[in-house]
Amino acid sequence: MANPRFYCSAPIFANQQLDLPAALAHHVRVRRLEAGDPVVLFDGRGGEIAGTLSFEGKKISALLGEHCPREAELGGQITLLQALPAGDKMDWIIEKAVELGVHTIIPVAAQRSVLKLSGSRLEKRLEHWQGIIRAASEQCGRNRLLRLCAPQSLAQALALAPPGQHLLCDPEAPRTLAEHLAATTKVQTKPQAVTLALSLLIGPEGGWNPEEQALAATHSVTKIKFGLRVLRTETAGIALVSATTALLGW
């Protein structure tokens, strides 16, 4: 059984006695861990450090060993431009995006998005989503946290997306995802190769409206076919990420 993994908000360094931040110490208590139990800590900057726990009153610390540079990132960078879905569907999308290796999520306040966020409600939701990112990273073995942006308009989101290919699903597109990737990309196998960046646009329950589709066209967004069925917004992005990473050998 693998040792428990925890994200530490404070920077961690090899061969140190680290007093655990309050939130992490609480997490350790909830897990009912004891003195001498092994743990693995990561701070989101890359790599991880194994250690053992010690308890002194209410204080919990970890004696850390050598830094391990292990990573679990994809061979390229995927950005998910996800239109805000209704209810708590975004929770599931973010959790699975972390597990699948997505680098960045930019929530899009689309014209047809049901969920509207602003003010304190937005701040609480972003804090909640960051908690999901940390927990999912602990579970899946990633040592770098997915980057989450505040909700943006589609125009703002496209401006924030890194340079590279921008893909949008359209049943009338001339090429499938597999055909497009085969024609325009190569699997990056050499360490010195430039990292491929892909941005995937996922619309809301009602789809992108005509103005948003026209805007996407002005930003060199490529339309691709993706299967014969219409997927829900919470399914489409995860399926597209999975297919893309498989086709590219990531």
# chains A, B, ... in the order shown; residues from 1 in each chain; ligands from 1
>>> residues_around(residues="stretch 109-111 of chain A", least_positions_apart="5", cutoff="8 Å", atoms="only C-alpha atoms", output="list of chain:residue names")
A:Ala83, A:Leu84, A:Lys116, A:Pro151, A:Gln152, A:Ser153, A:Leu154, A:Gly203, A:Pro204, A:Trp208, A:Asn209
>>> residues_around(residues="A:Leu215", least_positions_apart="4", cutoff="9 Å", atoms="only C-alpha atoms", output="list in words")
Leu154, Ala155, Pro210, Glu211 and His219 of chain A
>>> residues_around(residues="A:Ser54", least_positions_apart="3", cutoff="8 Å", atoms="only C-alpha atoms", output="list in words")
Glu34, Ala35, Gly36, Ile60, Ser61, Ala62 and Leu63 of chain A
>>> select_by_dssp(residues="stretch 70-209 of chain A", states="alpha helix (DSSP H)", output="ChimeraX atom specification")
/A:89-100,119-140,154-160,177-184
>>> closest_residue(among="A:Ala10, A:Leu115, A:Leu146, A:Leu24", to="A:Gly101", atoms="only C-alpha atoms")
A:Leu146
>>> atom_distance(atom1="atom CA of A:Ala216", atom2="atom CA of A:Leu160")
13.5 Å
>>> atom_distance(atom1="atom CA of A:Gly65", atom2="atom CA of A:Val30")
23.9 Å
>>> closest_atom_pairs(of="stretch 70-95 of chain A", to="stretch 230-245 of chain A", cutoff="10 Å", atoms="only C-alpha atoms", output="JSON lines")
{"residue": "A:Leu74", "atom": "CA", "partner": "A:Thr245", "partner_atom": "CA", "distance": 7.9}
{"residue": "A:Gly75", "atom": "CA", "partner": "A:Thr245", "partner_atom": "CA", "distance": 8.6}
{"residue": "A:Gly76", "atom": "CA", "partner": "A:Thr245", "partner_atom": "CA", "distance": 8.8}
{"residue": "A:Ile78", "atom": "CA", "partner": "A:Val241", "partner_atom": "CA", "distance": 7.8}
{"residue": "A:Thr79", "atom": "CA", "partner": "A:Val241", "partner_atom": "CA", "distance": 9.4}
{"residue": "A:Leu80", "atom": "CA", "partner": "A:Gly237", "partner_atom": "CA", "distance": 7.3}
{"residue": "A:Leu81", "atom": "CA", "partner": "A:Gly237", "partner_atom": "CA", "distance": 8.8}
{"residue": "A:Gln82", "atom": "CA", "partner": "A:Gly237", "partner_atom": "CA", "distance": 7.4}
{"residue": "A:Ala83", "atom": "CA", "partner": "A:Thr233", "partner_atom": "CA", "distance": 8.0}
{"residue": "A:Leu84", "atom": "CA", "partner": "A:Thr233", "partner_atom": "CA", "distance": 8.9}
{"residue": "A:Pro85", "atom": "CA", "partner": "A:Thr233", "partner_atom": "CA", "distance": 7.0}
{"residue": "A:Ala86", "atom": "CA", "partner": "A:Thr233", "partner_atom": "CA", "distance": 9.6}
{"residue": "A:Lys89", "atom": "CA", "partner": "A:Glu234", "partner_atom": "CA", "distance": 6.3}
{"residue": "A:Met90", "atom": "CA", "partner": "A:Glu234", "partner_atom": "CA", "distance": 7.3}
{"residue": "A:Asp91", "atom": "CA", "partner": "A:Glu234", "partner_atom": "CA", "distance": 9.6}
{"residue": "A:Trp92", "atom": "CA", "partner": "A:Glu234", "partner_atom": "CA", "distance": 7.6}
{"residue": "A:Ile93", "atom": "CA", "partner": "A:Glu234", "partner_atom": "CA", "distance": 6.0}
{"residue": "A:Ile94", "atom": "CA", "partner": "A:Ile238", "partner_atom": "CA", "distance": 9.4}
>>> write_last_selection(atoms="C-alpha atoms", output="CSV table (one decimal), in the first residue's frame")
chain,number,residue,atom,x,y,z
A,74,LEU,CA,1.8,14.8,-19.7
A,75,GLY,CA,4.2,15.0,-22.6
A,76,GLY,CA,2.5,18.3,-23.7
A,78,ILE,CA,-3.5,20.8,-22.4
A,79,THR,CA,-5.6,23.8,-21.5
A,80,LEU,CA,-9.3,23.2,-21.0
A,81,LEU,CA,-11.6,26.2,-21.8
A,82,GLN,CA,-14.7,24.9,-20.0
A,83,ALA,CA,-17.9,26.8,-20.2
A,84,LEU,CA,-19.4,27.0,-16.7
A,85,PRO,CA,-22.0,24.1,-16.3
A,86,ALA,CA,-25.0,24.1,-14.1
A,89,LYS,CA,-20.7,19.6,-12.3
A,90,MET,CA,-17.6,21.7,-12.4
A,91,ASP,CA,-16.4,19.9,-9.3
A,92,TRP,CA,-16.3,16.6,-11.2
A,93,ILE,CA,-14.8,18.2,-14.3
A,94,ILE,CA,-11.9,19.7,-12.3
>>> select_by_dssp(residues="stretch 17-125 of chain A", states="strand (DSSP E or B)", output="compact mmCIF listing (two decimals) with C-alpha atoms, in the first residue's frame")
# COMPACT_ATOMS: atom_id res chain seq x y z
CA GLN A 17 12.27 18.91 10.31
CA LEU A 18 9.08 20.56 9.06
CA ASP A 19 6.31 21.78 11.34
CA PRO A 38 5.56 7.35 6.72
CA VAL A 39 4.16 10.12 4.50
CA VAL A 40 5.00 11.77 1.19
CA LEU A 41 4.80 15.57 0.89
CA PHE A 42 4.79 17.81 -2.20
CA GLU A 48 8.17 15.04 -3.66
CA ILE A 49 9.85 14.20 -0.36
CA ALA A 50 9.17 11.19 1.86
CA GLY A 51 9.26 11.58 5.62
CA THR A 52 8.05 10.29 8.96
CA LEU A 53 5.62 11.95 11.36
CA SER A 54 6.25 13.04 14.92
CA PHE A 55 3.79 14.48 17.46
CA GLU A 56 4.50 16.94 20.27
CA LYS A 59 2.15 20.23 16.99
CA ILE A 60 2.79 17.72 14.22
CA SER A 61 6.03 17.70 12.28
CA ALA A 62 7.66 15.55 9.62
CA LEU A 63 11.30 14.55 9.38
CA LEU A 64 11.94 14.75 5.64
CA GLY A 65 14.49 12.77 3.65
CA GLU A 66 15.90 13.27 0.17
CA HIS A 67 14.04 15.06 -2.61
CA CYS A 68 12.63 12.73 -5.27
CA GLN A 77 0.34 21.00 -22.27
CA ILE A 78 -3.45 20.82 -22.39
CA THR A 79 -5.62 23.81 -21.48
CA LEU A 80 -9.33 23.22 -20.99
CA LEU A 81 -11.58 26.19 -21.79
CA GLN A 82 -14.65 24.86 -20.02
CA ALA A 83 -17.92 26.77 -20.16
CA THR A 104 -4.77 24.66 -16.95
CA ILE A 105 -8.52 25.14 -16.70
CA ILE A 106 -10.05 28.45 -17.75
CA PRO A 107 -13.75 28.51 -16.76
CA VAL A 108 -15.74 30.38 -19.39
